[in-house]
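Peer 1: The structure's right below; bear with me while I get my questions together.
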Amino acid sequence: MASVRVRFAPSPTGVLHIGSVRTALFNWLFARHNGGKFLLRIEDTDKLRSTDENTKSIFEILRWLNIDWDEEPVIQSHNIERHKEIAHNLVENGLAYYCYCKPEELAAKKEEALKAGKSYKYDGKCRDLTKPVPGINPVIRLKAENDGKTKINDMVQGEVTVDNAQLDDLVLLRSDGTPTYMLSVVVDDHDMGVTHVIRGDDHLTNTFRQIQIYKACGWDIPQFGHIPLIYGPDGAKLSKRHGASSAEDYRKLGYLPEAISNYLLRLGWSHGDDEIISRAQAIEWFSFDNVGKSPSRFDMNKLQNLNAHYLKERSDESLMQCILPLYKPGLDDIQKARVMKGIKSLKTRAKTIIDLANDAKIYVNAPETYTEDCSKYATSSHLEWIREVRKTIDGLDALREQEICEKVKNCAEQHKVKLVEVAQAMRAALCGKLISPSVFEIVEILGKQETLKRIDAFIAHFDER
RNA sequence: GUCUCCUUCGUCUAGAGGUCUAGGACACCGCCCUUUCACGGCGACAACAUGGGUUCAAAUCCCGUAGGAGACGCCA
């Protein structure tokens with residue numbers, strides 16, 4: 001295969017959709033697998049809706065996802081003159097023509113056709129016009145082929161054939177002189193030397209129109225790969241309506257980039273029974289032979305499961321960096337040290353970065369309130385046992401999880417109660433809730449002073465009642 | 001409406017005519033582990049849209065039907 005060049009061409013009219021991320025990922029993997037180039041093109045020709053912030057956030061998200069690009073990103077709006085030139089050349093060569101039909105006129109014809117149950121297609125009224133119509137700014141239309149069929153061999157969809165009669169004379173240049181998407185994509189892809197166009201399958205039918213442009217220009221037609229779109233749980237196109245739909249949304253929800261990549265990769269692509277796939281393996285294994293043709297639904301549960309997996313694989317240090325910015329006033333050194341020690345076991349139970357940050361709060365501050373169910377473990381008996389534990393801990397030189405556990409077990413035995421009674425009372429006192437990692441570990445991490453302080457507060461709180 | 005594409009457990013999928021009593025993963029349910037909740041381990045439930053062919057044999061090939069999606073812009 002000649003050296004592969006692919007491109008990801010988002011338009012900065014909004015934040016990056018999770019489906020676009022998958023398109024970017026597939027392009028990237030294909031390039032890396034084949035030792036080719038992955039290029040970026042910002043399609044900002046819709047000046048009204050495109051913003052610099054969106055462009056920046058696209059770069060940012062791609063970097064976050066570890067999808068790096070080769071060469072300078074191409075800004076499509078910079079190529080407008082080139083696009084115009086191509087359109088005018090086509091007119092000179094008799095392959096395109098000026099069309100003076102009014103939009104209202106066309107809309108009426110379209111409505112009529114639809115009513116009659118026919119597919120609408122521009123009738124080519126201006127095709128053979130020789131003289132300009134005064135007072136009207138014309139558009140430029142391509143003289144599309146009417147006869148025969150156009151066939152593509154799509155890397156995903158396989159052989160797809162369309163009758164050329166279905167295709168109409170698409171607009172290349174608008175009446176204000178600006179190029180349309182159809183023209184711009186083809187020209188830019190050609191100029192960038194793109195060998196494989198990998199995009200969402202909503203572009204499949206556009207491809208046949210674009211091929212007409214390639215042919216008119218006499219250019220080589222690239223290979224195409226149209227990957228199925230991602231749908232929401234209800235089977236409709238994934239959108240804001242389904243909740244989180246942009247990559248940024250998922251980042252905010254506390255998902256790790258490696259989990260998102262792994263999830264997106266497995267959505268519509270597979271490698272036998274493999275589920276957990278590293279970047280290196282993905283690059284090695286990726287091929288369009290394994291990309292499915294049918295659309296798939298987005299499943300939060302699976303993403304979450306993958307995220308939990310990658311959370312466990314991350315180092316404590318890197319997770320610390322992830323959660324640190326989430327604390328409002330910031331943490332002092334003591335708090336940081338405690339959280340750092342706690343992450344090791346905290347990360348095995350969290351599903352997201354947000355979960356982790358929340359769970360770690362037990363190491364940040366003493367409980368301000370106690371959950372409703374804590375009172376079950378605050379009877380006079382419980383308080384008595386807790387006092388005893390407090391005394392024991394006070395007498396200890398160094399707090400070791402194992403030793404504390406033994407001491408508390410002894411205490412429970414002496415009072416002929418189950419360990420859970422004492423442990424839960426301690427948990428309530430230390431965390432203000434009944435769900436947490438091992439209380440003994442918590443005691444060790446909090447240290448004597450903080451542990452005693454929290455136990456005292458607990459006793460004071462429930463004794464007063 | 002027209003054109004194009006799609007259809008295996010609830011979801012993501014394995015499956016390239018016999019190895020399918022259809023495999024894995026997530027979710028759900030149950031059990032074990034256990035100081036709580038998780039993690040982890042074990043197990044259960046659960047699918048070839050439908051009707052016809054072709055064939056000794058079909059989830060796999062062909063045709064029809066139904067359902068779904070996308071495209072049909074002087075948007076990208």
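By convention here, the chains of the structure tokens are called A, B, ... in the order presented, each chain's residues are numbered starting at 1, and ligands are numbered starting at 1 in the order presented.
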Distance limit 9 Å, atoms considered: only C-alpha atoms (C1' of nucleotides). Which chain B residues sit that close to chain A? Return them as a PDB file with N, CA and C atoms (P, O5', C5', C4', C3', O3' and C1' of nucleotides), in the first residue's frame.
Peer 2:
ATOM      1  P     G B   1     -43.252   5.478   2.287  1.00  0.00           P
ATOM      2  O5'   G B   1     -42.952   6.290   0.930  1.00  0.00           O
ATOM      3  C5'   G B   1     -43.959   6.422  -0.069  1.00  0.00           C
ATOM      4  C4'   G B   1     -43.383   7.287  -1.156  1.00  0.00           C
ATOM      5  C3'   G B   1     -42.028   6.830  -1.664  1.00  0.00           C
ATOM      6  O3'   G B   1     -42.201   5.893  -2.717  1.00  0.00           O
ATOM      7  C1'   G B   1     -41.907   9.117  -1.123  1.00  0.00           C
ATOM      8  P     U B   2     -41.207   4.655  -2.925  1.00  0.00           P
ATOM      9  O5'   U B   2     -39.871   5.349  -3.458  1.00  0.00           O
ATOM     10  C5'   U B   2     -39.804   5.801  -4.810  1.00  0.00           C
ATOM     11  C4'   U B   2     -38.474   6.465  -5.036  1.00  0.00           C
ATOM     12  C3'   U B   2     -37.270   5.623  -4.620  1.00  0.00           C
ATOM     13  O3'   U B   2     -36.896   4.736  -5.668  1.00  0.00           O
ATOM     14  C1'   U B   2     -37.040   7.796  -3.731  1.00  0.00           C
ATOM     15  P     C B   3     -36.243   3.344  -5.293  1.00  0.00           P
ATOM     16  O5'   C B   3     -34.759   3.773  -4.880  1.00  0.00           O
ATOM     17  C5'   C B   3     -33.854   4.245  -5.874  1.00  0.00           C
ATOM     18  C4'   C B   3     -32.621   4.802  -5.198  1.00  0.00           C
ATOM     19  C3'   C B   3     -31.880   3.821  -4.293  1.00  0.00           C
ATOM     20  O3'   C B   3     -30.999   2.998  -5.051  1.00  0.00           O
ATOM     21  C1'   C B   3     -32.146   5.872  -3.159  1.00  0.00           C
ATOM     22  P     U B   4     -30.644   1.541  -4.521  1.00  0.00           P
ATOM     23  O5'   U B   4     -29.728   1.860  -3.255  1.00  0.00           O
ATOM     24  C5'   U B   4     -28.384   2.267  -3.437  1.00  0.00           C
ATOM     25  C4'   U B   4     -27.763   2.567  -2.101  1.00  0.00           C
ATOM     26  C3'   U B   4     -27.780   1.421  -1.099  1.00  0.00           C
ATOM     27  O3'   U B   4     -26.746   0.488  -1.342  1.00  0.00           O
ATOM     28  C1'   U B   4     -28.473   3.402  -0.020  1.00  0.00           C
ATOM     29  P     C B   5     -26.969  -1.024  -0.896  1.00  0.00           P
ATOM     30  O5'   C B   5     -26.788  -0.929   0.691  1.00  0.00           O
ATOM     31  C5'   C B   5     -25.531  -0.568   1.244  1.00  0.00           C
ATOM     32  C4'   C B   5     -25.695  -0.277   2.712  1.00  0.00           C
ATOM     33  C3'   C B   5     -26.228  -1.424   3.566  1.00  0.00           C
ATOM     34  O3'   C B   5     -25.220  -2.358   3.872  1.00  0.00           O
ATOM     35  C1'   C B   5     -27.345   0.561   4.153  1.00  0.00           C
ATOM     36  P     C B   6     -25.644  -3.859   4.227  1.00  0.00           P
ATOM     37  O5'   C B   6     -26.233  -3.707   5.699  1.00  0.00           O
ATOM     38  C5'   C B   6     -25.392  -3.315   6.775  1.00  0.00           C
ATOM     39  C4'   C B   6     -26.228  -3.091   8.010  1.00  0.00           C
ATOM     40  C3'   C B   6     -26.959  -4.324   8.521  1.00  0.00           C
ATOM     41  O3'   C B   6     -26.100  -5.085   9.342  1.00  0.00           O
ATOM     42  C1'   C B   6     -28.460  -2.500   8.444  1.00  0.00           C
ATOM     43  P     U B   7     -26.431  -6.678   9.477  1.00  0.00           P
ATOM     44  O5'   U B   7     -27.706  -6.718  10.469  1.00  0.00           O
ATOM     45  C5'   U B   7     -27.640  -6.043  11.747  1.00  0.00           C
ATOM     46  C4'   U B   7     -28.890  -6.429  12.525  1.00  0.00           C
ATOM     47  C3'   U B   7     -29.065  -7.964  12.573  1.00  0.00           C
ATOM     48  O3'   U B   7     -29.131  -8.545  13.857  1.00  0.00           O
ATOM     49  C1'   U B   7     -30.957  -6.902  11.494  1.00  0.00           C
ATOM     50  P     U B  11     -30.938  -5.237  22.634  1.00  0.00           P
ATOM     51  O5'   U B  11     -29.649  -4.561  23.266  1.00  0.00           O
ATOM     52  C5'   U B  11     -29.591  -3.153  23.466  1.00  0.00           C
ATOM     53  C4'   U B  11     -28.213  -2.786  23.948  1.00  0.00           C
ATOM     54  C3'   U B  11     -27.081  -3.302  23.076  1.00  0.00           C
ATOM     55  O3'   U B  11     -26.855  -2.462  21.954  1.00  0.00           O
ATOM     56  C1'   U B  11     -26.607  -3.832  25.310  1.00  0.00           C
ATOM     57  P     C B  12     -26.220  -3.066  20.651  1.00  0.00           P
ATOM     58  O5'   C B  12     -24.699  -3.282  21.081  1.00  0.00           O
ATOM     59  C5'   C B  12     -23.867  -2.158  21.357  1.00  0.00           C
ATOM     60  C4'   C B  12     -22.476  -2.634  21.674  1.00  0.00           C
ATOM     61  C3'   C B  12     -21.894  -3.575  20.633  1.00  0.00           C
ATOM     62  O3'   C B  12     -21.381  -2.833  19.537  1.00  0.00           O
ATOM     63  C1'   C B  12     -21.538  -4.487  22.778  1.00  0.00           C
ATOM     64  P     U B  13     -21.362  -3.505  18.113  1.00  0.00           P
ATOM     65  O5'   U B  13     -20.339  -4.695  18.374  1.00  0.00           O
ATOM     66  C5'   U B  13     -20.441  -5.925  17.693  1.00  0.00           C
ATOM     67  C4'   U B  13     -19.654  -6.921  18.483  1.00  0.00           C
ATOM     68  C3'   U B  13     -19.519  -8.285  17.826  1.00  0.00           C
ATOM     69  O3'   U B  13     -18.432  -8.262  16.901  1.00  0.00           O
ATOM     70  C1'   U B  13     -20.170  -8.577  20.068  1.00  0.00           C
ATOM     71  P     A B  14     -18.420  -9.237  15.697  1.00  0.00           P
ATOM     72  O5'   A B  14     -18.040 -10.615  16.417  1.00  0.00           O
ATOM     73  C5'   A B  14     -16.765 -10.735  17.060  1.00  0.00           C
ATOM     74  C4'   A B  14     -16.547 -12.157  17.493  1.00  0.00           C
ATOM     75  C3'   A B  14     -16.718 -13.197  16.404  1.00  0.00           C
ATOM     76  O3'   A B  14     -15.546 -13.279  15.620  1.00  0.00           O
ATOM     77  C1'   A B  14     -17.706 -13.938  18.425  1.00  0.00           C
ATOM     78  P     G B  23     -23.053 -20.955  23.973  1.00  0.00           P
ATOM     79  O5'   G B  23     -21.677 -20.382  24.507  1.00  0.00           O
ATOM     80  C5'   G B  23     -20.498 -21.171  24.433  1.00  0.00           C
ATOM     81  C4'   G B  23     -19.313 -20.290  24.138  1.00  0.00           C
ATOM     82  C3'   G B  23     -19.268 -18.999  24.948  1.00  0.00           C
ATOM     83  O3'   G B  23     -18.728 -19.201  26.248  1.00  0.00           O
ATOM     84  C1'   G B  23     -18.939 -18.473  22.694  1.00  0.00           C
ATOM     85  P     G B  24     -19.258 -18.322  27.469  1.00  0.00           P
ATOM     86  O5'   G B  24     -18.470 -16.954  27.260  1.00  0.00           O
ATOM     87  C5'   G B  24     -17.051 -16.950  27.277  1.00  0.00           C
ATOM     88  C4'   G B  24     -16.542 -15.601  26.871  1.00  0.00           C
ATOM     89  C3'   G B  24     -17.045 -14.440  27.710  1.00  0.00           C
ATOM     90  O3'   G B  24     -16.306 -14.290  28.905  1.00  0.00           O
ATOM     91  C1'   G B  24     -17.216 -13.886  25.423  1.00  0.00           C
ATOM     92  P     A B  25     -17.003 -13.660  30.191  1.00  0.00           P
ATOM     93  O5'   A B  25     -17.171 -12.135  29.776  1.00  0.00           O
ATOM     94  C5'   A B  25     -16.021 -11.304  29.621  1.00  0.00           C
ATOM     95  C4'   A B  25     -16.450  -9.931  29.201  1.00  0.00           C
ATOM     96  C3'   A B  25     -17.508  -9.293  30.094  1.00  0.00           C
ATOM     97  O3'   A B  25     -16.943  -8.712  31.247  1.00  0.00           O
ATOM     98  C1'   A B  25     -18.124  -9.023  27.837  1.00  0.00           C
ATOM     99  P     C B  26     -17.807  -8.615  32.577  1.00  0.00           P
ATOM    100  O5'   C B  26     -18.837  -7.439  32.256  1.00  0.00           O
ATOM    101  C5'   C B  26     -18.359  -6.119  32.036  1.00  0.00           C
ATOM    102  C4'   C B  26     -19.507  -5.237  31.622  1.00  0.00           C
ATOM    103  C3'   C B  26     -20.714  -5.239  32.549  1.00  0.00           C
ATOM    104  O3'   C B  26     -20.508  -4.386  33.661  1.00  0.00           O
ATOM    105  C1'   C B  26     -21.442  -5.433  30.316  1.00  0.00           C
ATOM    106  P     A B  27     -21.185  -4.760  35.064  1.00  0.00           P
ATOM    107  O5'   A B  27     -22.744  -4.680  34.734  1.00  0.00           O
ATOM    108  C5'   A B  27     -23.360  -3.415  34.523  1.00  0.00           C
ATOM    109  C4'   A B  27     -24.803  -3.608  34.134  1.00  0.00           C
ATOM    110  C3'   A B  27     -25.631  -4.427  35.111  1.00  0.00           C
ATOM    111  O3'   A B  27     -26.075  -3.637  36.197  1.00  0.00           O
ATOM    112  C1'   A B  27     -26.068  -5.135  32.901  1.00  0.00           C
ATOM    113  P     U B  35     -14.904 -10.058  58.752  1.00  0.00           P
ATOM    114  O5'   U B  35     -15.823  -8.770  58.769  1.00  0.00           O
ATOM    115  C5'   U B  35     -16.779  -8.616  59.805  1.00  0.00           C
ATOM    116  C4'   U B  35     -17.227  -7.192  59.813  1.00  0.00           C
ATOM    117  C3'   U B  35     -17.474  -6.617  58.438  1.00  0.00           C
ATOM    118  O3'   U B  35     -18.807  -6.890  58.044  1.00  0.00           O
ATOM    119  C1'   U B  35     -16.150  -5.122  59.725  1.00  0.00           C
ATOM    120  P     U B  36     -19.210  -7.047  56.563  1.00  0.00           P
ATOM    121  O5'   U B  36     -19.839  -5.638  56.189  1.00  0.00           O
ATOM    122  C5'   U B  36     -21.028  -5.195  56.839  1.00  0.00           C
ATOM    123  C4'   U B  36     -21.350  -3.813  56.338  1.00  0.00           C
ATOM    124  C3'   U B  36     -21.358  -3.688  54.836  1.00  0.00           C
ATOM    125  O3'   U B  36     -22.624  -4.031  54.307  1.00  0.00           O
ATOM    126  C1'   U B  36     -20.074  -1.946  55.762  1.00  0.00           C
ATOM    127  P     C B  37     -22.713  -4.776  52.911  1.00  0.00           P
ATOM    128  O5'   C B  37     -22.256  -3.666  51.869  1.00  0.00           O
ATOM    129  C5'   C B  37     -23.013  -2.471  51.719  1.00  0.00           C
ATOM    130  C4'   C B  37     -22.255  -1.531  50.811  1.00  0.00           C
ATOM    131  C3'   C B  37     -21.719  -2.164  49.534  1.00  0.00           C
ATOM    132  O3'   C B  37     -22.727  -2.222  48.543  1.00  0.00           O
ATOM    133  C1'   C B  37     -20.025  -0.872  50.542  1.00  0.00           C
ATOM    134  P     A B  38     -22.572  -3.181  47.296  1.00  0.00           P
ATOM    135  O5'   A B  38     -21.346  -2.511  46.540  1.00  0.00           O
ATOM    136  C5'   A B  38     -20.429  -3.311  45.819  1.00  0.00           C
ATOM    137  C4'   A B  38     -19.210  -2.471  45.570  1.00  0.00           C
ATOM    138  C3'   A B  38     -18.110  -3.189  44.823  1.00  0.00           C
ATOM    139  O3'   A B  38     -18.293  -3.048  43.428  1.00  0.00           O
ATOM    140  C1'   A B  38     -17.219  -2.294  46.802  1.00  0.00           C
ATOM    141  P     C B  39     -18.152  -4.339  42.501  1.00  0.00           P
ATOM    142  O5'   C B  39     -16.600  -4.709  42.596  1.00  0.00           O
ATOM    143  C5'   C B  39     -15.612  -3.717  42.373  1.00  0.00           C
ATOM    144  C4'   C B  39     -14.253  -4.233  42.789  1.00  0.00           C
ATOM    145  C3'   C B  39     -13.899  -5.619  42.276  1.00  0.00           C
ATOM    146  O3'   C B  39     -13.488  -5.585  40.939  1.00  0.00           O
ATOM    147  C1'   C B  39     -13.263  -5.430  44.537  1.00  0.00           C
ATOM    148  P     G B  68     -39.907   0.947  12.167  1.00  0.00           P
ATOM    149  O5'   G B  68     -38.320   1.047  12.297  1.00  0.00           O
ATOM    150  C5'   G B  68     -37.701   0.913  13.572  1.00  0.00           C
ATOM    151  C4'   G B  68     -36.210   0.875  13.405  1.00  0.00           C
ATOM    152  C3'   G B  68     -35.589   2.079  12.722  1.00  0.00           C
ATOM    153  O3'   G B  68     -35.469   3.189  13.588  1.00  0.00           O
ATOM    154  C1'   G B  68     -34.637   0.122  11.848  1.00  0.00           C
ATOM    155  P     A B  69     -35.542   4.663  12.949  1.00  0.00           P
ATOM    156  O5'   A B  69     -34.089   4.795  12.300  1.00  0.00           O
ATOM    157  C5'   A B  69     -32.928   4.734  13.124  1.00  0.00           C
ATOM    158  C4'   A B  69     -31.704   4.690  12.260  1.00  0.00           C
ATOM    159  C3'   A B  69     -31.526   5.860  11.320  1.00  0.00           C
ATOM    160  O3'   A B  69     -30.966   6.980  11.982  1.00  0.00           O
ATOM    161  C1'   A B  69     -31.113   3.859  10.162  1.00  0.00           C
ATOM    162  P     G B  70     -31.279   8.434  11.416  1.00  0.00           P
ATOM    163  O5'   G B  70     -30.384   8.475  10.099  1.00  0.00           O
ATOM    164  C5'   G B  70     -28.964   8.523  10.202  1.00  0.00           C
ATOM    165  C4'   G B  70     -28.367   8.387   8.841  1.00  0.00           C
ATOM    166  C3'   G B  70     -28.770   9.458   7.841  1.00  0.00           C
ATOM    167  O3'   G B  70     -28.002  10.629   8.017  1.00  0.00           O
ATOM    168  C1'   G B  70     -28.922   7.353   6.810  1.00  0.00           C
ATOM    169  P     A B  71     -28.587  12.015   7.531  1.00  0.00           P
ATOM    170  O5'   A B  71     -28.537  11.888   5.941  1.00  0.00           O
ATOM    171  C5'   A B  71     -27.284  11.921   5.268  1.00  0.00           C
ATOM    172  C4'   A B  71     -27.518  11.692   3.812  1.00  0.00           C
ATOM    173  C3'   A B  71     -28.465  12.676   3.144  1.00  0.00           C
ATOM    174  O3'   A B  71     -27.801  13.872   2.779  1.00  0.00           O
ATOM    175  C1'   A B  71     -29.074  10.493   2.531  1.00  0.00           C
ATOM    176  P     C B  72     -28.620  15.217   2.740  1.00  0.00           P
ATOM    177  O5'   C B  72     -29.654  15.042   1.541  1.00  0.00           O
ATOM    178  C5'   C B  72     -29.208  15.229   0.196  1.00  0.00           C
ATOM    179  C4'   C B  72     -30.262  14.735  -0.737  1.00  0.00           C
ATOM    180  C3'   C B  72     -31.511  15.593  -0.818  1.00  0.00           C
ATOM    181  O3'   C B  72     -31.299  16.679  -1.699  1.00  0.00           O
ATOM    182  C1'   C B  72     -32.124  13.321  -0.682  1.00  0.00           C
ATOM    183  P     C B  74     -29.109  23.386  -2.566  1.00  0.00           P
ATOM    184  O5'   C B  74     -28.124  24.521  -2.088  1.00  0.00           O
ATOM    185  C5'   C B  74     -26.782  24.438  -2.386  1.00  0.00           C
ATOM    186  C4'   C B  74     -26.179  25.670  -1.770  1.00  0.00           C
ATOM    187  C3'   C B  74     -26.966  26.072  -0.520  1.00  0.00           C
ATOM    188  O3'   C B  74     -26.033  26.154   0.530  1.00  0.00           O
ATOM    189  C1'   C B  74     -26.923  27.836  -2.181  1.00  0.00           C
ATOM    190  P     C B  75     -25.906  26.882   1.791  1.00  0.00           P
ATOM    191  O5'   C B  75     -25.252  25.792   2.749  1.00  0.00           O
ATOM    192  C5'   C B  75     -25.964  24.844   3.403  1.00  0.00           C
ATOM    193  C4'   C B  75     -25.339  24.675   4.757  1.00  0.00           C
ATOM    194  C3'   C B  75     -23.986  23.979   4.739  1.00  0.00           C
ATOM    195  O3'   C B  75     -22.920  24.914   4.577  1.00  0.00           O
ATOM    196  C1'   C B  75     -25.427  22.967   6.336  1.00  0.00           C
ATOM    197  P     A B  76     -21.500  24.454   4.019  1.00  0.00           P
ATOM    198  O5'   A B  76     -20.975  23.467   5.138  1.00  0.00           O
ATOM    199  C5'   A B  76     -20.461  23.942   6.387  1.00  0.00           C
ATOM    200  C4'   A B  76     -20.217  22.733   7.261  1.00  0.00           C
ATOM    201  C3'   A B  76     -19.215  21.738   6.698  1.00  0.00           C
ATOM    202  O3'   A B  76     -17.895  22.076   7.049  1.00  0.00           O
ATOM    203  C1'   A B  76     -21.173  20.584   7.317  1.00  0.00           C
TER     204        A B  76
END
Peer 1: Just the helix (DSSP H, G or I) stuff from range 14-190 of chain A, please, per backbone DSSP, written as JSON, numbers by chain.
Peer 2: {"A": [18, 19, 20, 21, 22, 23, 24, 25, 26, 27, 28, 29, 30, 31, 32, 33, 52, 53, 54, 55, 56, 57, 58, 59, 60, 61, 62, 63, 64, 76, 77, 78, 79, 80, 81, 82, 83, 84, 85, 86, 87, 88, 89, 90, 91, 92, 103, 104, 105, 106, 107, 108, 109, 110, 111, 112, 113, 114, 115, 164, 165, 166, 181, 182, 183, 184, 185, 186, 187, 188, 189, 190]}
Peer 1: Tell me, as a CSV table (one decimal) with C-alpha atoms, in the first residue's frame, which residues lie within 12 Å of range 335-341 of chain A, counting only C-alpha atoms (C1' of nucleotides); anything in the same chain fewer than 6 positions away does not count.
Peer 2:
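Below is the file out-v3.csv, written as the result:
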chain,number,residue,atom,x,y,z
A,315,SER,CA,-1.0,4.9,39.6
A,316,ASP,CA,-2.0,6.5,42.8
A,317,GLU,CA,0.0,9.6,41.9
A,318,SER,CA,-1.8,10.1,38.6
A,319,LEU,CA,-5.2,9.7,40.2
A,320,MET,CA,-4.1,12.2,42.8
A,321,GLN,CA,-3.5,14.7,40.0
A,322,CYS,CA,-6.9,14.0,38.6
A,323,ILE,CA,-8.9,14.6,41.8
A,324,LEU,CA,-6.8,17.4,43.3
A,325,PRO,CA,-8.5,20.1,41.1
A,327,TYR,CA,-11.6,20.1,45.8
A,329,PRO,CA,-10.6,25.3,48.6
A,347,LYS,CA,-9.6,3.3,43.6
A,356,LEU,CA,-13.0,8.7,43.8
A,357,ALA,CA,-12.9,12.4,44.8
A,358,ASN,CA,-16.1,12.0,46.7
A,359,ASP,CA,-15.0,8.9,48.5
A,360,ALA,CA,-11.7,10.4,49.4
A,361,LYS,CA,-13.5,13.2,51.3
A,362,ILE,CA,-13.3,11.1,54.4
A,363,TYR,CA,-9.6,11.9,54.5
A,364,VAL,CA,-10.1,15.6,53.9
A,365,ASN,CA,-12.4,16.7,56.7
A,366,ALA,CA,-14.1,15.2,59.7
A,441,GLU,CA,-7.2,1.3,57.4
A,442,ILE,CA,-8.9,4.6,57.9
A,443,VAL,CA,-7.7,4.8,61.5
A,444,GLU,CA,-4.2,4.2,60.4
A,445,ILE,CA,-4.4,6.8,57.7
A,446,LEU,CA,-6.1,9.5,59.9
A,447,GLY,CA,-3.6,9.0,62.7
A,450,GLU,CA,-7.7,12.9,64.1
Peer 1: So what do you get for CA of Lys407 in chain A versus CA of Glu372 in chain A, distance-wise?
Peer 2: 27.8 Å
Peer 1: Have a look at CA of Lys151 in chain A and CA of Ile213 in chain A and let me know their distance in Å, one decimal.
Peer 2: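 Calculated distance between CA of Lys151 in chain A and CA of Ile213 in chain A is 14.6 Å.
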Peer 1: Excluding A47 in chain B and its own-chain neighbours fewer than 5 positions away, which residues fall within 12 Å of it when counting only C-alpha atoms (C1' of nucleotides)? Please give them as a ChimeraX atom specification.
Peer 2: /B:8-11,13,22,59
Peer 1: Would you please work out which residue, of B:A49, B:C33, B:C42, B:C61, is nearest to A16 in chain B when using only C-alpha atoms (C1' of nucleotides)?
Peer 2: B:C61
Peer 1: Where in range 102-289 of chain A does DSSP assign strand (DSSP E), given as number ranges by chain?
Peer 2: A: 139-142, 149-154, 158-163, 171-173, 196-200, 223-227, 230-231
Peer 1: Just the number, please: distance in Å from CA of Ile198 in chain A to CA of Gln223 in chain A, one decimal.
Peer 2: 8.4 Å
Peer 1: Using only C-alpha atoms (C1' of nucleotides), which protein or nucleic acid residues come within 12 Å of Glu92 in chain A? Drop anything in the same chain fewer than 5 positions from it, and give the result as a VMD selection string.
Peer 2: chain A and resid 85 to 87 97 to 98 140 142 216 to 217
Peer 1: Can I get the selection written as a short mmCIF file (atom, residue, chain, number, x, y, z; two decimals), in the first residue's frame, with N, CA, C and O atoms?
Peer 2:
data_model
loop_
_atom_site.label_atom_id
_atom_site.label_comp_id
_atom_site.auth_asym_id
_atom_site.auth_seq_id
_atom_site.Cartn_x
_atom_site.Cartn_y
_atom_site.Cartn_z
N GLU A 85 -11.31 28.71 -7.54
CA GLU A 85 -10.55 28.56 -8.77
C GLU A 85 -10.91 27.24 -9.46
O GLU A 85 -11.13 27.19 -10.67
N ILE A 86 -10.99 26.19 -8.68
CA ILE A 86 -11.35 24.88 -9.24
C ILE A 86 -12.73 24.94 -9.88
O ILE A 86 -12.94 24.44 -10.99
N ALA A 87 -13.65 25.57 -9.19
CA ALA A 87 -15.02 25.65 -9.72
C ALA A 87 -15.03 26.40 -11.05
O ALA A 87 -15.66 25.96 -12.01
N TYR A 97 -21.48 24.61 -14.81
CA TYR A 97 -22.17 25.71 -15.49
C TYR A 97 -22.84 26.65 -14.48
O TYR A 97 -23.05 26.29 -13.33
N TYR A 98 -23.14 27.86 -14.97
CA TYR A 98 -23.83 28.82 -14.12
C TYR A 98 -25.31 28.51 -14.11
O TYR A 98 -25.89 28.20 -15.15
N ILE A 140 -22.72 27.98 -9.24
CA ILE A 140 -22.08 27.11 -10.23
C ILE A 140 -22.47 25.68 -9.89
O ILE A 140 -22.35 25.24 -8.74
N LEU A 142 -22.25 21.49 -10.94
CA LEU A 142 -21.47 20.48 -11.65
C LEU A 142 -22.36 19.81 -12.69
O LEU A 142 -23.52 19.54 -12.43
N ALA A 216 -14.56 14.88 -12.58
CA ALA A 216 -14.55 16.10 -13.39
C ALA A 216 -13.17 16.75 -13.32
O ALA A 216 -12.68 17.30 -14.30
N CYS A 217 -12.54 16.68 -12.16
CA CYS A 217 -11.24 17.30 -11.99
C CYS A 217 -10.12 16.41 -12.52
O CYS A 217 -8.97 16.85 -12.61
#
Peer 1: When you count only C-alpha atoms, which of these residues is closest to Ile393 in chain A: A:Ile455, A:Ile260, A:Cys374, A:Ile353?
Peer 2: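 Closest candidate: A:Ile455.
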